[in-house]
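S.K.: Below you'll find model.tsv; it's TSV, C-alpha atoms (C1' of nucleotides).
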chain	number	residue	atom	x	y	z
A	1	MET	CA	-4.30	-0.38	11.09
A	2	ALA	CA	-1.04	1.20	12.24
A	3	PRO	CA	1.75	0.46	9.77
A	4	SER	CA	4.61	-1.69	11.03
A	5	MET	CA	7.49	0.03	12.77
A	6	ARG	CA	10.83	0.39	11.13
A	7	GLU	CA	13.79	-1.29	12.72
A	8	PRO	CA	15.33	1.79	14.41
A	9	THR	CA	12.02	2.76	16.01
A	10	TYR	CA	11.48	-0.80	17.20
A	11	PHE	CA	14.82	-0.97	18.96
A	12	ILE	CA	14.42	2.50	20.45
A	13	LEU	CA	11.21	1.37	22.15
A	14	LEU	CA	12.68	-1.98	23.08
A	15	ALA	CA	15.68	-0.31	24.71
A	16	MET	CA	13.31	1.67	26.91
A	17	ALA	CA	11.24	-1.39	27.81
A	18	GLU	CA	13.99	-2.36	30.27
A	19	GLY	CA	13.66	0.97	32.03
A	20	ALA	CA	14.00	4.72	31.48
A	21	ARG	CA	16.98	5.79	29.44
A	22	HIS	CA	18.55	8.96	28.14
A	23	GLY	CA	19.17	9.37	24.42
A	24	TYR	CA	22.75	8.27	24.27
A	25	ALA	CA	22.06	5.22	26.44
A	26	ILE	CA	19.28	4.22	24.05
A	27	THR	CA	21.84	4.17	21.25
A	28	SER	CA	24.09	1.71	23.08
A	29	THR	CA	21.28	-0.46	24.42
A	30	ALA	CA	19.76	-0.72	20.95
A	31	ARG	CA	23.17	-1.66	19.57
A	32	GLU	CA	23.52	-4.43	22.16
A	33	LEU	CA	19.98	-5.77	21.80
A	34	SER	CA	20.39	-5.95	18.03
A	35	ALA	CA	23.78	-7.66	18.30
A	36	GLY	CA	25.47	-4.70	16.65
A	37	ARG	CA	23.08	-4.43	13.71
A	38	VAL	CA	21.35	-1.22	14.69
A	39	ARG	CA	23.63	1.79	15.02
A	40	LEU	CA	21.32	4.73	15.56
A	41	ALA	CA	22.26	7.95	13.79
A	42	ALA	CA	21.71	11.11	15.84
A	43	GLY	CA	19.08	12.37	13.42
A	44	THR	CA	17.21	9.09	13.68
A	45	LEU	CA	17.31	8.96	17.47
A	46	TYR	CA	16.26	12.49	18.39
A	47	GLY	CA	13.80	12.71	15.53
A	48	ALA	CA	12.19	9.46	16.64
A	49	LEU	CA	12.12	10.53	20.29
A	50	ASP	CA	10.22	13.72	19.40
A	51	ARG	CA	7.83	11.82	17.18
A	52	LEU	CA	7.21	9.05	19.72
A	53	ALA	CA	6.63	11.62	22.45
A	54	ALA	CA	4.13	13.46	20.24
A	55	ASP	CA	2.36	10.14	19.64
A	56	GLY	CA	2.34	9.36	23.35
A	57	LEU	CA	4.45	6.20	23.12
A	58	VAL	CA	7.24	7.66	25.26
A	59	GLU	CA	7.39	10.56	27.69
A	60	PRO	CA	10.13	12.68	29.28
A	61	ASP	CA	11.27	11.41	32.67
A	62	GLY	CA	13.39	14.26	34.00
A	63	GLU	CA	16.89	15.53	33.45
A	64	GLU	CA	20.06	15.33	35.44
A	65	VAL	CA	23.71	16.25	35.14
A	66	VAL	CA	26.26	13.46	35.48
A	67	GLU	CA	29.93	14.39	35.29
A	68	GLY	CA	29.17	17.69	33.65
A	69	ARG	CA	26.95	16.12	30.98
A	70	LYS	CA	23.25	16.80	30.71
A	71	ARG	CA	21.05	13.76	30.41
A	72	ARG	CA	17.46	13.80	29.21
A	73	TYR	CA	15.56	10.71	30.28
A	74	TYR	CA	12.64	9.16	28.47
A	75	ARG	CA	10.28	6.46	29.66
A	76	LEU	CA	8.00	4.10	27.77
A	77	THR	CA	4.30	4.82	28.36
A	78	GLU	CA	1.68	2.09	28.76
A	79	LEU	CA	0.57	2.95	25.23
A	80	GLY	CA	4.13	2.52	24.01
A	81	ARG	CA	4.50	-0.81	25.77
A	82	GLY	CA	1.24	-1.99	24.23
A	83	ARG	CA	2.34	-0.86	20.79
A	84	LEU	CA	5.60	-2.75	21.25
A	85	ARG	CA	3.81	-5.94	22.25
A	86	GLU	CA	1.55	-5.52	19.23
A	87	GLU	CA	4.62	-5.25	17.05
A	88	VAL	CA	6.00	-8.48	18.50
A	89	GLU	CA	2.76	-10.19	17.48
A	90	HIS	CA	3.14	-8.92	13.93
A	91	LEU	CA	6.68	-10.22	13.89
A	92	GLU	CA	5.44	-13.63	14.95
A	93	ALA	CA	2.72	-13.59	12.30
A	94	LYS	CA	5.28	-12.64	9.66
A	95	LEU	CA	7.51	-15.50	10.70
A	96	ALA	CA	4.64	-17.97	10.70
A	97	ALA	CA	3.74	-16.92	7.15
A	98	SER	CA	7.31	-17.26	5.94
A	99	ARG	CA	7.74	-20.74	7.40
A	100	LYS	CA	4.66	-21.91	5.55
A	101	VAL	CA	6.07	-20.61	2.26
A	102	LEU	CA	9.82	-21.07	2.54
A	103	SER	CA	9.71	-24.66	3.76
A	104	ALA	CA	8.41	-25.81	0.37
A	105	PRO	CA	11.05	-25.53	-2.41
A	106	GLY	CA	8.36	-23.95	-4.63
A	107	SER	CA	8.81	-22.91	-8.22
A	108	THR	CA	5.16	-23.51	-8.95
A	109	ARG	CA	3.11	-21.20	-11.05
A	110	VAL	CA	-0.23	-19.88	-9.98
A	111	ALA	CA	-3.24	-21.79	-11.42
A	112	GLY	CA	-3.31	-22.87	-15.05
A	113	ARG	CA	-0.48	-21.03	-16.73
A	114	ALA	CA	-0.79	-21.76	-20.45
A	115	SER	CA	2.68	-21.89	-22.02
B	116	MET	CA	24.49	-3.79	6.05
B	117	ALA	CA	21.27	-3.69	4.04
B	118	PRO	CA	18.51	-1.95	6.00
B	119	SER	CA	15.53	-4.07	6.99
B	120	MET	CA	12.70	-4.40	4.52
B	121	ARG	CA	9.40	-2.69	5.11
B	122	GLU	CA	6.33	-4.85	5.49
B	123	PRO	CA	4.89	-4.43	1.95
B	124	THR	CA	8.23	-5.33	0.34
B	125	TYR	CA	8.57	-8.35	2.58
B	126	PHE	CA	5.19	-9.77	1.62
B	127	ILE	CA	5.73	-9.01	-2.06
B	128	LEU	CA	8.85	-11.17	-2.02
B	129	LEU	CA	7.21	-13.80	0.15
B	130	ALA	CA	4.26	-14.05	-2.24
B	131	MET	CA	6.68	-14.81	-5.06
B	132	ALA	CA	8.57	-17.39	-3.02
B	133	GLU	CA	5.75	-19.83	-3.70
B	134	GLY	CA	6.18	-19.38	-7.43
B	135	ALA	CA	6.03	-16.77	-10.20
B	136	ARG	CA	3.13	-14.36	-9.97
B	137	HIS	CA	1.73	-11.39	-11.86
B	138	GLY	CA	1.23	-8.09	-10.07
B	139	TYR	CA	-2.39	-8.42	-9.18
B	140	ALA	CA	-1.92	-12.00	-7.94
B	141	ILE	CA	0.87	-10.75	-5.67
B	142	THR	CA	-1.62	-8.37	-4.09
B	143	SER	CA	-4.03	-11.17	-3.18
B	144	THR	CA	-1.35	-13.64	-2.11
B	145	ALA	CA	0.24	-11.01	0.14
B	146	ARG	CA	-3.17	-10.28	1.61
B	147	GLU	CA	-3.71	-13.98	2.39
B	148	LEU	CA	-0.23	-14.59	3.79
B	149	SER	CA	-0.55	-11.59	6.09
B	150	ALA	CA	-4.03	-12.64	7.24
B	151	GLY	CA	-5.55	-9.52	5.71
B	152	ARG	CA	-3.10	-7.06	7.25
B	153	VAL	CA	-1.23	-6.10	4.09
B	154	ARG	CA	-3.40	-4.54	1.38
B	155	LEU	CA	-0.97	-3.39	-1.28
B	156	ALA	CA	-1.76	-0.07	-2.92
B	157	ALA	CA	-1.12	0.02	-6.66
B	158	GLY	CA	1.63	2.58	-6.31
B	159	THR	CA	3.35	0.46	-3.69
B	160	LEU	CA	3.15	-2.73	-5.73
B	161	TYR	CA	4.35	-1.55	-9.13
B	162	GLY	CA	6.87	0.82	-7.64
B	163	ALA	CA	8.32	-1.97	-5.53
B	164	LEU	CA	8.37	-4.38	-8.48
B	165	ASP	CA	10.44	-1.91	-10.55
B	166	ARG	CA	12.78	-1.26	-7.66
B	167	LEU	CA	13.24	-4.94	-6.82
B	168	ALA	CA	13.87	-5.75	-10.48
B	169	ALA	CA	16.48	-2.98	-10.65
B	170	ASP	CA	18.13	-4.46	-7.54
B	171	GLY	CA	18.05	-7.96	-9.04
B	172	LEU	CA	15.80	-9.47	-6.36
B	173	VAL	CA	13.04	-10.29	-8.86
B	174	GLU	CA	12.98	-10.62	-12.63
B	175	PRO	CA	10.31	-10.58	-15.33
B	176	ASP	CA	9.03	-14.02	-16.26
B	177	GLY	CA	7.03	-13.37	-19.42
B	178	GLU	CA	3.62	-12.00	-20.23
B	179	GLU	CA	0.38	-13.58	-21.28
B	180	VAL	CA	-3.20	-12.61	-21.95
B	181	VAL	CA	-5.89	-14.38	-19.94
B	182	GLU	CA	-9.49	-13.51	-20.70
B	183	GLY	CA	-8.54	-10.31	-22.39
B	184	ARG	CA	-6.34	-9.14	-19.51
B	185	LYS	CA	-2.60	-8.70	-19.83
B	186	ARG	CA	-0.53	-10.31	-17.12
B	187	ARG	CA	3.08	-9.48	-16.37
B	188	TYR	CA	4.78	-12.26	-14.45
B	189	TYR	CA	7.67	-11.81	-12.06
B	190	ARG	CA	9.86	-14.44	-10.48
B	191	LEU	CA	12.10	-14.35	-7.40
B	192	THR	CA	15.79	-14.56	-8.24
B	193	GLU	CA	18.30	-16.54	-6.18
B	194	LEU	CA	19.50	-13.21	-4.83
B	195	GLY	CA	15.96	-12.32	-3.88
B	196	ARG	CA	15.40	-15.65	-2.16
B	197	GLY	CA	18.63	-15.20	-0.23
B	198	ARG	CA	17.64	-11.70	0.78
B	199	LEU	CA	14.30	-13.03	1.99
B	200	ARG	CA	15.92	-15.74	4.07
B	201	GLU	CA	18.26	-13.13	5.53
B	202	GLU	CA	15.25	-11.06	6.48
B	203	VAL	CA	13.68	-14.04	8.23
B	204	GLU	CA	16.87	-14.38	10.29
B	205	HIS	CA	16.66	-10.72	11.31
B	206	LEU	CA	13.05	-11.24	12.30
B	207	GLU	CA	14.08	-14.15	14.49
B	208	ALA	CA	16.87	-12.13	16.07
B	209	LYS	CA	14.46	-9.30	16.79
B	210	LEU	CA	12.03	-11.68	18.46
B	211	ALA	CA	14.77	-13.23	20.56
B	212	ALA	CA	15.85	-9.77	21.74
B	213	SER	CA	12.32	-8.71	22.56
B	214	ARG	CA	11.53	-11.84	24.56
B	215	LYS	CA	14.60	-11.26	26.67
B	216	VAL	CA	13.44	-7.73	27.47
B	217	LEU	CA	9.66	-8.00	27.62
B	218	SER	CA	9.57	-11.08	29.86
B	219	ALA	CA	10.91	-9.04	32.78
B	220	PRO	CA	8.39	-6.47	34.09
B	221	GLY	CA	11.23	-3.91	34.16
B	222	SER	CA	10.90	-0.35	35.31
B	223	THR	CA	14.51	-0.28	36.35
B	224	ARG	CA	16.71	2.68	35.70
B	225	VAL	CA	20.06	2.45	34.07
B	226	ALA	CA	22.99	2.36	36.56
B	227	GLY	CA	23.12	4.74	39.51
B	228	ARG	CA	20.36	7.21	38.94
B	229	ALA	CA	20.75	9.82	41.69
B	230	SER	CA	17.66	11.48	43.23
C	231	DA	C1'	49.37	22.56	25.17
C	232	DC	C1'	46.96	20.03	21.85
C	233	DA	C1'	44.53	16.25	19.67
C	234	DC	C1'	41.33	12.77	19.93
C	235	DG	C1'	37.70	9.46	21.29
C	236	DA	C1'	33.78	8.76	24.09
C	237	DT	C1'	29.84	10.85	26.13
C	238	DA	C1'	25.74	13.91	25.48
C	239	DG	C1'	22.61	16.81	23.04
C	240	DG	C1'	20.79	18.84	18.75
C	241	DT	C1'	19.63	20.62	13.58
C	242	DC	C1'	19.18	20.26	8.62
C	243	DG	C1'	18.82	18.65	3.96
C	244	DG	C1'	18.47	14.69	1.06
C	245	DT	C1'	16.89	10.06	-0.07
C	246	DT	C1'	13.39	6.64	-0.52
C	247	DA	C1'	9.48	3.50	0.48
C	248	DA	C1'	4.88	3.74	0.86
C	249	DC	C1'	0.51	5.73	-0.06
C	250	DG	C1'	-3.77	7.71	-2.09
C	251	DA	C1'	-5.56	9.51	-6.19
C	252	DT	C1'	-6.14	9.05	-10.73
C	253	DA	C1'	-6.15	6.89	-15.29
C	254	DT	C1'	-6.86	3.16	-18.75
C	255	DA	C1'	-9.04	-1.17	-20.21
C	256	DT	C1'	-11.71	-5.65	-20.06
C	257	DT	C1'	-15.10	-9.01	-18.19
C	258	DG	C1'	-19.27	-10.22	-15.90
C	259	DG	C1'	-23.30	-9.48	-12.85
C	260	DC	C1'	-27.37	-6.68	-11.80
D	261	DG	C1'	-25.99	1.47	-18.23
D	262	DC	C1'	-23.51	1.02	-13.99
D	263	DC	C1'	-20.57	-1.07	-10.83
D	264	DA	C1'	-17.24	-4.51	-8.90
D	265	DA	C1'	-13.38	-7.22	-9.89
D	266	DT	C1'	-9.34	-7.93	-12.66
D	267	DA	C1'	-4.98	-5.85	-14.38
D	268	DT	C1'	-1.43	-2.32	-15.07
D	269	DA	C1'	0.56	2.15	-14.55
D	270	DT	C1'	1.85	7.17	-13.14
D	271	DC	C1'	2.09	11.09	-10.07
D	272	DG	C1'	2.57	14.02	-6.01
D	273	DT	C1'	2.87	13.85	-1.08
D	274	DT	C1'	4.25	12.20	3.40
D	275	DA	C1'	7.19	10.19	6.79
D	276	DA	C1'	11.27	7.76	8.49
D	277	DC	C1'	15.80	7.39	8.21
D	278	DC	C1'	20.42	8.90	7.45
D	279	DG	C1'	24.77	11.40	7.05
D	280	DA	C1'	26.79	15.69	7.90
D	281	DC	C1'	27.41	19.04	10.78
D	282	DC	C1'	27.40	21.75	15.25
D	283	DT	C1'	28.18	22.55	20.41
D	284	DA	C1'	30.15	20.99	24.72
D	285	DT	C1'	32.50	18.19	28.54
D	286	DC	C1'	35.76	14.73	30.25
D	287	DG	C1'	39.73	11.67	30.18
D	288	DT	C1'	43.83	9.94	27.97
D	289	DG	C1'	47.81	10.12	25.28
D	290	DT	C1'	51.56	12.72	23.28
Turn this file's structure into structure tokens for me.

M.R.:
Amino acid sequence: MAPSMREPTYFILLAMAEGARHGYAITSTARELSAGRVRLAAGTLYGALDRLAADGLVEPDGEEVVEGRKRRYYRLTELGRGRLREEVEHLEAKLAASRKVLSAPGSTRVAGRAS
Amino acid sequence: MAPSMREPTYFILLAMAEGARHGYAITSTARELSAGRVRLAAGTLYGALDRLAADGLVEPDGEEVVEGRKRRYYRLTELGRGRLREEVEHLEAKLAASRKVLSAPGSTRVAGRAS
DNA sequence: ACACGATAGGTCGGTTAACGATATATTGGC
DNA sequence: GCCAATATATCGTTAACCGACCTATCGTGT
């Protein structure tokens, strides 16, 4: 079973789910989607992009130069999209579990605690 | 801003939200709550317990011997419960963001892609 | 002319959670 | 006697993330 994604990775993939993006655009999209919570550090972003490409979750989608600045585009693969959807399911399962537990005030001890 | 918890940590805290537990019981409760997904390795469990205690999210709640086996109990602190609730909010925010993005089929490019 | 912030890409070393392996010890079933 | 389950603990490794730093362009303000 693949371990759950960390938050930066999750938002990097999610940012690309809307369409291909170049690195810097991923940073701002992730920031928006997370309501400001996720501010991707350069090391996190480019490291993750290399890793995700090696794992086949994203792939390069060409380069271009806009106003003198090079842009490297990446696109989510079908595998990446599937992995993202899987992650959403885990999120839902986690939430379901927490509702079951946190609704009850609970300070109960597990079976038969003797003094 | 505190970084998001990893899955094992989340389920360790969630297991204790129902009531005080000893280490081994946390392992089985976490396994149940996660529908079998989270199988805590010993190193993960006891390492996390020490770390969480140092951070004030959990605290020791006595020891006892049951059938010749020592049990070390831990309890969730108010801080820990708050941190858990905070994490649930982040989970909800993440889900809201992902629904917004994944509902649309989206293979759009970000503004004005030439060529 | 110069500084600075935003845009755009990248590297590198350090921190830390998680993990598997290993160890100890007891109880109970085969 | 051996193994699985119960129970706790340590140790070394891996992997993700992060801050710091570097290069470079463009526009704005001084």

S.K.: Could you give me, as a tab-separated table, every chain A residue with an atom at most 7 Å from chain D, plus its closest atom pair and distance in Å to one decimal, counting only C-alpha atoms (C1' of nucleotides), rows ordered by chain then number?

M.R.:
residue	atom	partner	partner_atom	distance
A:Ala41	CA	D:DC278	C1'	6.7
A:Thr44	CA	D:DC277	C1'	5.9
A:Gly68	CA	D:DT285	C1'	6.1
A:Arg69	CA	D:DT285	C1'	6.4

S.K.: Residues of chain C within 12 Å of chain A, counting all atoms listed in the file - could you list those as number ranges by chain?

M.R.: C: 236-243, 247-249

S.K.: I'd like to know which of A:Ala54, A:Val101, A:Val38, A:Ala48 is closest to chain B, using all atoms listed in the file.

M.R.: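 Checking each of A:Ala54, A:Val101, A:Val38, A:Ala48 against chain B, counting all atoms listed in the file, the winner is A:Val101.
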
S.K.: Please report, as AutoDock Vina command-line options, the centre and edge lengths in Å to one decimal of an axis-aligned box covering all listed atoms of range 30-34 of chain A with 3 Å per side.

M.R.:
--center_x 21.6 --center_y -3.3 --center_z 20.1 --size_x 9.8 --size_y 11.2 --size_z 10.1

S.K.: Which of these residues is nearest to chain A, using all atoms listed in the file: B:Gly195, B:Pro123, B:Gly151, B:Gly134?

M.R.: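 Closest to chain A of all the choices is B:Gly134.
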
S.K.: Rank A:Val58, A:Leu49, A:Ala35, A:Leu79 by their smallest atom-to-atom distance to chain B, using only C-alpha atoms, and report the top residue only.

M.R.: A:Ala35

S.K.: Would you mind reading off the distance between CA of Tyr189 in chain B and CA of Met131 in chain B, one decimal, in Å?

M.R.: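 Between these atoms lies a distance of 7.7 Å.
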
S.K.: What is the CA of Leu91 in chain A-C1' of DT245 in chain C distance in Å, reported with one decimal?

M.R.: 26.7 Å

S.K.: Mind checking which residues fall within 10 Å of Leu84 in chain A, counting all atoms listed in the file, ignoring those fewer than 2 positions away in the same chain, and posting them as a VMD selection string?

M.R.: (chain A and resid 5 9 to 11 13 to 14 17 57 76 78 to 82 86 to 90) or (chain B and resid 213 217)
